[in-house]
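For reference, query-v9.txt is printed below; it contains compact mmCIF, C-alpha atoms.
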# COMPACT_ATOMS: atom_id res chain seq x y z
CA MET A 9 93.58 127.69 96.44
CA ASP A 10 89.92 126.81 96.88
CA ALA A 11 86.90 126.42 94.65
CA ALA A 12 83.41 127.40 95.72
CA GLU A 13 80.35 125.29 95.19
CA GLY A 14 78.91 127.63 92.55
CA ALA A 15 75.16 127.36 92.28
CA ALA A 16 75.00 123.93 93.91
CA PRO A 17 73.15 123.68 97.25
CA GLY A 18 75.84 123.54 99.90
CA SER A 19 73.86 121.20 102.14
CA ARG A 20 73.99 118.54 99.40
CA LEU A 21 77.72 118.87 98.78
CA GLU A 22 79.01 118.75 102.34
CA ARG A 23 80.07 115.15 102.92
CA SER A 24 82.58 112.63 104.23
CA GLY A 25 83.30 109.03 103.31
CA HIS A 26 82.54 109.61 99.62
CA THR A 27 84.39 108.48 96.50
CA ALA A 28 85.88 110.90 93.97
CA PHE A 29 87.95 110.81 90.79
CA ILE A 30 89.06 113.20 88.03
CA ALA A 31 88.21 112.46 84.40
CA ASP A 32 90.25 113.44 81.35
CA ASN A 33 88.33 116.70 80.85
CA ASN A 34 89.55 118.01 84.24
CA THR A 35 86.22 117.30 85.88
CA LEU A 36 85.98 116.08 89.46
CA TYR A 37 83.26 113.45 89.98
CA VAL A 38 81.91 112.93 93.53
CA TRP A 39 79.49 110.19 94.64
CA GLY A 40 78.08 109.00 97.94
CA GLY A 41 79.20 109.67 101.48
CA TYR A 42 77.39 110.89 104.56
CA GLN A 43 76.59 113.90 106.70
CA VAL A 44 75.89 114.13 110.41
CA VAL A 45 72.44 115.55 111.15
CA ALA A 46 71.32 115.97 114.77
CA GLY A 47 74.12 113.66 115.86
CA GLU A 48 73.14 110.86 113.44
CA ASP A 49 74.92 109.71 110.27
CA VAL A 50 72.73 110.38 107.22
CA MET A 51 73.73 108.70 103.96
CA LEU A 52 73.59 110.87 100.84
CA PRO A 53 71.43 109.84 97.85
CA SER A 54 72.82 107.11 95.60
CA ASP A 55 70.79 108.29 92.59
CA GLU A 56 72.91 111.39 91.99
CA ILE A 57 76.52 112.26 91.20
CA TRP A 58 78.15 115.69 91.37
CA LEU A 59 80.55 117.07 88.75
CA CYS A 60 82.92 119.98 89.42
CA ASP A 61 84.64 121.78 86.55
CA LEU A 62 88.07 122.30 88.10
CA GLU A 63 88.90 125.14 85.73
CA SER A 64 85.92 127.28 86.76
CA GLY A 65 85.02 125.75 90.14
CA THR A 66 81.35 125.32 89.19
CA TRP A 67 79.26 122.27 90.14
CA GLU A 68 76.63 120.27 88.26
CA ARG A 69 74.32 117.55 89.59
CA ARG A 70 73.57 114.54 87.37
CA GLU A 71 70.87 111.94 88.07
CA ILE A 72 71.58 108.19 88.00
CA THR A 73 68.64 105.88 87.37
CA GLY A 74 68.49 102.07 87.30
CA ASP A 75 69.13 99.40 89.94
CA LYS A 76 70.80 101.74 92.42
CA PRO A 77 72.71 100.71 95.56
CA GLN A 78 71.03 101.01 98.94
CA ASP A 79 72.27 103.84 101.16
CA LEU A 80 75.90 102.82 101.70
CA SER A 81 78.68 103.66 104.14
CA GLY A 82 82.24 102.35 104.14
CA PHE A 83 81.99 101.28 100.47
CA CYS A 84 84.88 101.35 98.00
CA GLY A 85 84.53 103.30 94.75
CA SER A 86 86.81 102.80 91.74
CA HIS A 87 86.97 104.33 88.27
CA VAL A 88 88.18 102.33 85.28
CA ASN A 89 87.53 102.84 81.54
CA SER A 90 84.94 105.58 82.20
CA THR A 91 82.95 103.27 84.48
CA LEU A 92 82.41 103.80 88.21
CA TYR A 93 82.34 100.62 90.30
CA ILE A 94 80.98 100.51 93.85
CA PHE A 95 81.78 97.43 95.93
CA ALA A 96 80.60 96.33 99.39
CA GLY A 97 80.05 98.60 102.40
CA CYS A 98 77.16 98.74 104.87
CA ASP A 99 73.55 99.22 103.80
CA PRO A 100 70.44 99.43 106.02
CA LEU A 101 70.40 95.61 106.34
CA GLY A 102 74.06 95.30 107.37
CA TYR A 103 77.32 94.41 105.65
CA THR A 104 77.13 93.67 101.92
CA ASN A 105 79.37 92.30 99.17
CA GLN A 106 77.36 93.50 96.18
CA MET A 107 78.94 95.22 93.19
CA PHE A 108 77.33 98.05 91.19
CA SER A 109 78.55 99.94 88.10
CA VAL A 110 77.56 102.98 86.05
CA ASP A 111 78.90 103.84 82.59
CA LEU A 112 79.73 107.56 82.60
CA THR A 113 80.06 107.78 78.81
CA GLU A 114 76.33 107.29 78.36
CA GLN A 115 74.09 110.30 77.97
CA LEU A 116 71.84 109.02 80.75
CA TYR A 117 73.64 107.50 83.72
CA THR A 118 72.17 104.13 84.78
CA TRP A 119 73.14 101.89 87.70
CA LYS A 120 73.65 98.18 87.02
CA ARG A 121 73.96 95.54 89.73
CA LEU A 122 76.47 92.86 88.80
CA THR A 123 74.79 89.55 89.62
CA ASP A 124 76.36 87.06 87.19
CA THR A 125 79.97 87.27 88.33
CA LYS A 126 82.24 84.22 88.23
CA GLY A 127 84.53 82.94 90.95
CA THR A 128 84.09 83.37 94.69
CA THR A 129 82.82 86.79 95.74
CA PRO A 130 84.67 88.21 98.79
CA SER A 131 82.85 88.16 102.10
CA PRO A 132 80.80 91.23 103.09
CA ARG A 133 82.96 94.11 104.35
CA ASN A 134 83.54 97.83 104.61
CA LYS A 135 86.49 100.23 105.12
CA HIS A 136 88.53 98.40 102.46
CA SER A 137 90.58 99.92 99.60
CA CYS A 138 91.23 99.27 95.92
CA TRP A 139 93.99 99.49 93.33
CA VAL A 140 93.01 99.74 89.65
CA HIS A 141 95.59 97.84 87.59
CA ARG A 142 95.26 96.58 84.02
CA ASP A 143 91.46 96.91 84.12
CA ARG A 144 91.32 94.85 87.30
CA LEU A 145 89.97 96.00 90.65
CA ILE A 146 92.30 94.72 93.36
CA TYR A 147 90.79 95.06 96.84
CA PHE A 148 92.66 94.93 100.12
CA GLY A 149 91.58 94.63 103.73
CA GLY A 150 88.51 95.94 105.50
CA TYR A 151 86.20 94.97 108.34
CA GLY A 152 83.34 92.53 107.90
CA CYS A 153 81.78 89.18 108.62
CA LYS A 154 82.43 85.55 107.74
CA THR A 155 80.72 82.31 108.58
CA ILE A 156 82.56 79.81 110.76
CA ARG A 157 83.20 77.67 107.66
CA GLU A 158 84.79 80.63 105.87
CA VAL A 159 86.99 81.40 108.86
CA ARG A 160 88.21 77.80 109.00
CA ASN A 161 89.21 78.06 105.34
CA THR A 162 91.02 81.38 105.90
CA SER A 163 94.59 81.84 107.08
CA SER A 164 94.62 82.76 110.76
CA SER A 165 96.94 85.69 109.99
CA SER A 166 94.70 87.20 107.31
CA PHE A 167 91.53 87.49 109.42
CA ILE A 168 91.39 88.61 113.04
CA VAL A 169 88.16 87.62 114.78
CA GLU A 170 86.97 90.51 116.92
CA GLU A 171 83.59 89.17 117.98
CA MET A 172 81.05 86.42 117.23
CA SER A 173 77.29 86.61 116.99
CA TRP A 174 74.60 83.97 116.75
CA THR A 175 72.99 84.76 113.44
CA ALA A 176 71.19 82.41 111.07
CA VAL A 177 72.95 82.55 107.69
CA GLY A 178 71.74 79.61 105.61
CA ASN A 179 72.97 76.53 107.45
CA ALA A 180 75.46 78.52 109.52
CA LEU A 181 74.46 79.25 113.10
CA PHE A 182 76.70 82.23 113.70
CA ARG A 183 79.08 84.66 112.08
CA CYS A 184 82.49 86.00 112.98
CA TRP A 185 83.30 89.70 112.71
CA GLY A 186 86.75 91.15 112.28
CA TRP A 187 89.51 92.77 110.21
CA ASN A 188 91.22 91.15 107.23
CA SER A 189 94.34 91.53 105.08
CA GLU A 190 92.98 89.64 102.07
CA VAL A 191 93.72 90.50 98.45
CA ASN A 192 90.75 89.95 96.10
CA VAL A 193 90.85 90.61 92.35
CA PHE A 194 87.92 91.46 90.08
CA ASP A 195 88.53 91.33 86.31
CA THR A 196 86.24 93.93 84.71
CA HIS A 197 86.45 92.26 81.28
CA THR A 198 85.30 88.81 82.40
CA ASP A 199 83.43 89.76 85.62
CA THR A 200 85.51 87.17 87.45
CA TRP A 201 86.66 87.13 91.08
CA SER A 202 89.94 85.51 92.14
CA MET A 203 92.23 85.48 95.17
CA PRO A 204 95.97 85.32 94.39
CA GLU A 205 98.36 83.66 96.80
CA THR A 206 100.72 86.32 98.11
CA GLN A 207 104.24 86.04 99.49
CA GLY A 208 106.42 88.15 101.76
CA PRO A 209 105.59 90.10 104.94
CA VAL A 210 101.80 90.49 104.76
CA PRO A 211 100.44 93.65 106.46
CA ALA A 212 98.40 93.19 109.61
CA PRO A 213 94.63 93.01 108.98
CA ARG A 214 93.18 96.53 108.85
CA GLY A 215 90.64 98.99 107.49
CA CYS A 216 90.33 102.78 107.23
CA HIS A 217 93.79 102.73 105.63
CA ALA A 218 95.02 104.58 102.52
CA SER A 219 96.15 103.03 99.24
CA ALA A 220 97.77 104.15 95.98
CA LEU A 221 99.16 102.65 92.79
CA LEU A 222 102.60 103.37 91.31
CA GLY A 223 103.27 101.43 88.11
CA ASN A 224 102.81 97.73 88.86
CA LYS A 225 102.94 98.16 92.61
CA GLY A 226 100.14 98.82 95.06
CA TYR A 227 100.88 100.63 98.32
CA ILE A 228 98.89 100.61 101.56
CA SER A 229 99.50 102.54 104.75
CA GLY A 230 97.93 103.22 108.14
CA GLY A 231 94.62 102.06 109.52
CA VAL A 232 96.22 100.31 112.50
CA GLU A 233 97.12 101.57 115.97
CA THR A 234 100.82 102.41 115.60
CA ALA A 235 102.88 105.34 116.83
CA GLU A 236 104.44 105.83 113.38
CA LEU A 237 102.86 105.38 109.97
CA ASP A 238 103.67 102.03 108.37
CA LEU A 239 103.94 101.41 104.62
CA PHE A 240 103.68 98.20 102.57
CA CYS A 241 103.97 97.50 98.85
CA LEU A 242 102.46 94.63 96.86
CA ASP A 243 104.03 93.77 93.49
CA LEU A 244 101.00 93.10 91.30
CA GLU A 245 103.02 90.93 88.91
CA THR A 246 104.60 88.56 91.45
CA TRP A 247 102.10 89.12 94.30
CA THR A 248 104.98 89.69 96.71
CA TRP A 249 104.69 92.02 99.69
CA THR A 250 107.49 94.37 100.79
CA ARG A 251 107.53 96.34 104.02
CA PHE A 252 109.18 99.76 104.12
CA CYS A 253 110.70 100.48 107.50
CA ASP A 254 113.68 102.49 108.67
CA SER A 255 113.83 103.09 112.39
CA SER A 256 116.87 105.31 111.88
CA GLN A 257 114.89 107.97 110.01
CA SER A 258 114.19 110.90 112.33
CA CYS A 259 111.30 112.30 110.28
CA THR A 260 108.31 109.94 110.07
CA PRO A 261 104.55 110.68 110.03
CA LEU A 262 102.48 109.80 113.05
CA GLY A 263 100.26 106.74 112.80
CA ARG A 264 96.77 107.51 111.48
CA SER A 265 93.64 106.28 109.74
CA MET A 266 91.00 107.73 107.38
CA PHE A 267 93.59 109.75 105.44
CA THR A 268 94.53 109.87 101.74
CA MET A 269 97.56 108.76 99.76
CA THR A 270 98.02 110.03 96.20
CA PRO A 271 100.73 109.15 93.63
CA THR A 272 102.33 112.39 92.35
CA SER A 273 105.21 110.99 90.25
CA ASP A 274 106.67 107.63 89.24
CA HIS A 275 108.28 107.29 92.67
CA THR A 276 106.46 109.70 95.00
CA LEU A 277 103.43 109.27 97.27
CA PHE A 278 101.64 112.22 98.91
CA ILE A 279 99.63 111.78 102.11
CA TYR A 280 97.37 114.29 103.83
CA GLY A 281 95.36 114.53 107.01
CA GLY A 282 93.60 111.68 108.73
CA LEU A 283 92.68 110.80 112.28
CA GLY A 284 95.71 110.61 114.57
CA ALA A 285 96.31 108.10 117.34
CA ASP A 286 95.27 110.81 119.81
CA GLY A 287 91.80 110.96 118.22
CA LYS A 288 92.26 114.36 116.58
CA THR A 289 91.95 115.41 112.95
CA LEU A 290 95.35 116.10 111.35
CA ASN A 291 96.46 118.78 108.88
CA ASP A 292 99.98 117.62 108.01
CA ALA A 293 101.21 116.68 104.52
CA TRP A 294 104.06 114.31 103.69
CA GLN A 295 105.76 112.84 100.66
CA PHE A 296 107.37 109.41 100.49
CA ASN A 297 110.11 108.72 97.93
CA THR A 298 109.94 105.02 97.05
CA GLN A 299 113.46 105.07 95.55
CA LYS A 300 115.17 106.73 98.51
CA ARG A 301 112.70 105.12 100.94
CA GLU A 302 112.33 108.27 102.97
CA TRP A 303 109.62 110.62 104.21
CA THR A 304 109.66 114.40 103.77
CA LYS A 305 107.31 116.70 105.65
CA MET A 306 105.79 119.29 103.34
CA THR A 307 105.12 122.94 104.06
CA HIS A 308 101.77 123.99 102.63
CA PRO A 309 99.21 126.84 102.76
CA HIS A 310 96.32 124.74 104.09
CA GLN A 311 97.19 124.50 107.78
CA ASP A 312 93.68 125.78 108.52
CA LYS A 313 92.11 122.81 106.73
CA PRO A 314 92.54 119.62 108.78
CA ARG A 315 90.68 116.76 107.14
CA VAL A 316 89.53 113.23 107.79
CA CYS A 317 87.37 110.97 105.56
CA HIS A 318 88.09 113.30 102.61
CA SER A 319 89.08 112.42 99.04
CA ALA A 320 92.28 113.32 97.16
CA CYS A 321 92.82 112.92 93.40
CA LEU A 322 95.73 113.59 91.06
CA GLY A 323 94.89 116.63 88.94
CA SER A 324 96.62 118.58 86.19
CA ASP A 325 100.29 119.54 86.66
CA ASN A 326 100.53 116.83 89.35
CA ASP A 327 98.29 118.83 91.67
CA VAL A 328 96.59 116.94 94.51
CA VAL A 329 92.91 117.94 94.55
CA VAL A 330 91.24 117.50 97.97
CA PHE A 331 87.48 117.59 98.43
CA GLY A 332 85.12 117.29 101.37
CA GLY A 333 85.70 115.40 104.59
CA SER A 334 85.35 116.48 108.19
CA SER A 335 87.48 119.29 109.59
CA ASN A 336 87.07 118.52 113.28
CA MET A 337 86.21 114.89 113.93
CA ARG A 338 87.08 113.86 117.48
CA ILE A 339 87.25 110.37 118.92
CA LEU A 340 86.55 110.42 122.66
CA MET A 341 87.88 107.51 124.69
CA ASP A 342 86.60 106.38 128.06
CA SER A 343 86.73 103.15 130.01
CA VAL A 344 83.52 101.85 128.47
CA ALA A 345 83.26 102.95 124.85
CA VAL A 346 84.73 104.84 121.94
CA LEU A 347 82.55 107.82 121.00
CA VAL A 348 82.59 110.16 118.02
CA ALA A 349 82.13 113.75 119.14
CA PRO A 350 78.86 115.13 117.69
CA SER A 351 80.40 118.48 116.68
CA GLN A 352 82.13 117.30 113.51
CA HIS A 353 81.82 119.69 110.61
CA HIS A 354 81.54 118.32 107.07
CA CYS A 355 83.13 120.32 104.28
CA ARG A 356 82.26 121.06 100.65
CA ASP A 357 85.35 122.96 99.50
CA VAL A 358 87.95 121.96 96.94
CA PHE A 359 91.56 122.86 97.67
CA ILE A 360 94.76 122.07 95.85
CA PHE A 361 98.30 121.09 96.81
CA GLN A 362 101.01 122.07 94.34
CA THR A 363 103.62 119.28 94.27
CA GLN A 364 105.93 120.49 91.48
CA PRO A 365 106.91 123.81 89.81
CA TYR A 366 104.25 125.09 87.41
CA SER A 367 104.88 125.85 83.75
CA LEU A 368 105.14 129.48 82.67
CA PHE A 369 101.74 129.15 80.97
CA ARG A 370 100.09 127.90 84.19
CA LEU A 371 101.69 130.72 86.20
CA CYS A 372 100.45 133.34 83.73
CA GLU A 373 97.01 131.77 83.60
CA ASP A 374 96.67 131.85 87.39
CA LEU A 375 98.06 135.38 87.66
CA ILE A 376 95.48 136.70 85.19
CA GLY A 377 92.73 134.65 86.83
CA LYS A 378 93.49 136.19 90.23
CA ASN A 379 93.93 139.76 88.91
CA PRO A 380 91.74 140.29 85.81
CA GLN A 381 91.32 143.98 86.65
CA LEU A 382 95.01 144.56 85.89
CA PHE A 383 94.61 143.61 82.23
CA GLY A 384 91.41 145.43 81.25
CA LYS A 385 90.60 145.41 77.54
CA GLN A 386 93.76 143.38 76.78
CA LEU A 387 91.80 140.24 77.67
CA SER A 388 89.50 140.89 74.71
CA TRP A 389 92.51 140.61 72.39
CA LEU A 390 93.05 136.94 73.29
CA PRO A 391 91.99 134.16 70.87
CA SER A 392 88.50 132.87 71.75
CA LYS A 393 89.69 129.47 73.01
CA LEU A 394 92.30 131.01 75.30
CA ARG A 395 89.88 133.73 76.42
CA SER A 396 87.37 131.03 77.42
CA LYS A 397 90.04 129.27 79.48
CA ILE A 398 91.04 132.53 81.20
CA ASP A 399 87.38 133.34 81.91
CA LYS A 400 87.10 129.99 83.72
CA ARG A 401 90.16 130.76 85.84
CA VAL A 402 88.70 134.16 86.71
CA ALA A 403 85.48 132.42 87.79
CA PHE A 404 87.48 129.86 89.82
CA PHE A 405 89.40 132.45 91.82
CA SER A 406 86.36 134.69 92.17
CA ALA A 407 84.40 131.78 93.66
CA ALA A 408 87.30 130.95 95.99
CA THR A 409 87.39 134.54 97.23
CA ALA A 410 83.65 134.45 97.84
CA VAL A 411 84.06 131.35 100.05
CA LEU A 412 86.88 132.92 102.04
CA THR A 413 84.92 136.10 102.71
CA ALA A 414 81.59 134.41 103.40
Please rewrite the model in this file as structure tokens.
Amino acid sequence: MDAAEGAAPGSRLERSGHTAFIADNNTLYVWGGYQVVAGEDVMLPSDEIWLCDLESGTWERREITGDKPQDLSGFCGSHVNSTLYIFAGCDPLGYTNQMFSVDLTEQLYTWKRLTDTKGTTPSPRNKHSCWVHRDRLIYFGGYGCKTIREVRNTSSSSFIVEEMSWTAVGNALFRCWGWNSEVNVFDTHTDTWSMPETQGPVPAPRGCHASALLGNKGYISGGVETAELDLFCLDLETWTWTRFCDSSQSCTPLGRSMFTMTPTSDHTLFIYGGLGADGKTLNDAWQFNTQKREWTKMTHPHQDKPRVCHSACLGSDNDVVVFGGSSNMRILMDSVAVLVAPSQHHCRDVFIFQTQPYSLFRLCEDLIGKNPQLFGKQLSWLPSKLRSKIDKRVAFFSAATAVLTA
């Protein structure tokens, strides 16, 4: 099912490369990202955040004042204790390693730039990911730059130098650019950075991958050029990596990047979409059972909605709520360069994957929401609180129908 954008201006909602999360009141929060205008990437304003009521499908724009981030791409957004954190990415001056936060419990949202952090801040980067565990932000991977001194102090297997440029950075004469497989931890209580020493089979350096948290374990997948999708797990208690691989399994997702991975139970991960190795946007959905260590391809009603650079959040009843992204990104390869086709279409719809059987109450609620005309005056007999909830579901499905027929 899909939710319309309500009264919100569609041109401001269409986006890719954003961050999104769902709060306790079943509200989807969306910040940042970009659109393509006349073939150029245009970053969306950092002084606003959009809220979608997932029961009614209506949108609201909220302003954020304060020391706001520059226009960012490739950043990593994380939500912990009602606070949104934005770390790193690319701004108009290049790669950055700055951290910003906004407390979403305040009546007026205000950006704060974290400048008095302790420990060693990670090097500038983008296309990284984050696990939120015990009020810590645990970042993995990404693409960025280091000075020669930093590279010499880094394990050769955790940073792959792709190119070097002669750039004055303090006393350093040049920087190295490349992919990393580093793990960096930020404690939100003490504002302290640290880098734990990990053990086990470390994933290859990468970016544009997907990540998810199950219990005390962080999972990462994709973002590297492989025929089949790889999967690694980091135990966040022992800092030990495990690689999941079973060449005997006949059913395995294709390798991909810029997709999403969402935890849907204590032992299940759900992945959707992404950019395949052939440079095309994918529309397949898979589940991985971490106990059985096996993939299952899912049948779903959204075959007409391929997505890349979208967001996916765990909603009520273990639904996976997908928003935005591009429906037709193409990567064109030739002997000289890699080009992004200019025809990509950015989306503003919300659609939902059902991952488990619904309760009888949810089924009745959705049935009435889709067919209010069948119940007539009987709806007026409902208690006010329940009637309000049903009215929201009616609005949700009515908005979805309007999008489909537009």
key: Residues within 10 Å of range 319-322 of chain A, only C-alpha atoms, excluding chain neighbours under 4 positions, as a PyMOL selection string   = chain A and resi 24-30+36+38+266-273+278-280+315+326-333+358-361
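Shortest atom-to-atom contact with Pro211 in chain A among A:Arg23, A:His353, A:Arg251, A:Lys378: A:Arg251, counting all atoms listed in the file.
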Spatial neighbours of Lys126 in chain A, 8 Å, all atoms listed in the file, chain gap at least 4 places, as a list in words = Asp199, Thr200 and Trp201 of chain A
request  = Could you give me, as a list of chain:residue names, the residues that sit within 10 Å of (100.3, 100.3, 84.7) in the file's coordinates, counting only C-alpha atoms?
outcome  =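 Checking each residue against the 10 Å limit leaves A:Val140, A:His141, A:Arg142, A:Asp143, A:Leu221, A:Leu222, A:Gly223, A:Asn224, A:Lys225, A:Leu244.
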query = Could you name the residues that touch Trp249 in chain A at 9 Å or less, counting all atoms listed in the file, but leaving out those on the same chain fewer than 3 positions away, as a PyMOL selection string?
reply = chain A and resi 206-211+240-243+246
key: Separation of CA of Met172 in chain A from CA of Ile156 in chain A in Å   =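 Distance reported for this atom pair: 9.4 Å.
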Length of the CA of Lys154 in chain A to CA of Pro132 in chain A vector [Å] =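 We find that CA of Lys154 in chain A and CA of Pro132 in chain A lie 7.5 Å from each other.
Taking CA of Asn297 in chain A and CA of Thr276 in chain A as endpoints, the distance between them is 4.8 Å.
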task = Identify the residues around (89.5, 129.1, 79.9) within a radius of 12 Å, measuring from all atoms listed in the file in the coordinates stated by the file, and give them as a list in words.
result =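 Answer for this query, in the requested form: Asn34, Asp61, Leu62, Glu63, Ser64, Gly65, Arg370, Glu373, Asp374, Ile376, Gly377, Leu387, Leu390, Pro391, Ser392, Lys393, Leu394, Arg395, Ser396, Lys397, Ile398, Asp399, Lys400, Arg401, Val402, Ala403 and Phe404 of chain A.
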Distance query Leu59 in chain A at most 8 Å, all atoms listed in the file, self and fewer than 6 positions along chain excluded, as a ChimeraX atom specification = /A:35-38,67-70
Could you work out an axis-aligned bounding box for all listed atoms of range 270-280 of chain A, with 3 Å added on each of the six sides, and give its centre and edge lengths in Å to one decimal, as lines of an AutoDock Vina configuration file?
center_x = 102.8
center_y = 110.8
center_z = 96.5
size_x = 16.9
size_y = 13.0
size_z = 20.6
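The smallest atom-to-atom distance between Thr113 in chain A and any of A:Leu375, A:Val44, A:Val88, A:Cys98, using all atoms listed in the file, is found for A:Val88.
Compared by their closest atoms to Thr128 in chain A, and using all atoms listed in the file, the residues A:Ser166, A:Thr73, A:Ser109, A:Asn192 rank with A:Asn192 nearest.
Of the residues listed (A:Ser19, A:Ser229, A:Thr260, A:Ser324), A:Thr260 shows the shortest atom-to-atom separation from Trp303 in chain A; distances use all atoms listed in the file.
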key: Closest of A:Gly97, A:Pro213, A:Gly226, A:Pro53 to Trp39 in chain A - atom-to-atom distances counting all atoms listed in the file   =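 Closest to Trp39 in chain A of all the choices is A:Pro53.
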inquiry  = Measuring between all atoms listed in the file, which one of A:Glu158, A:His354, A:Leu277, A:Glu22 shows the shortest distance to Phe296 in chain A?
reply    =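 The answer is A:Leu277, which sits nearest to Phe296 in chain A.
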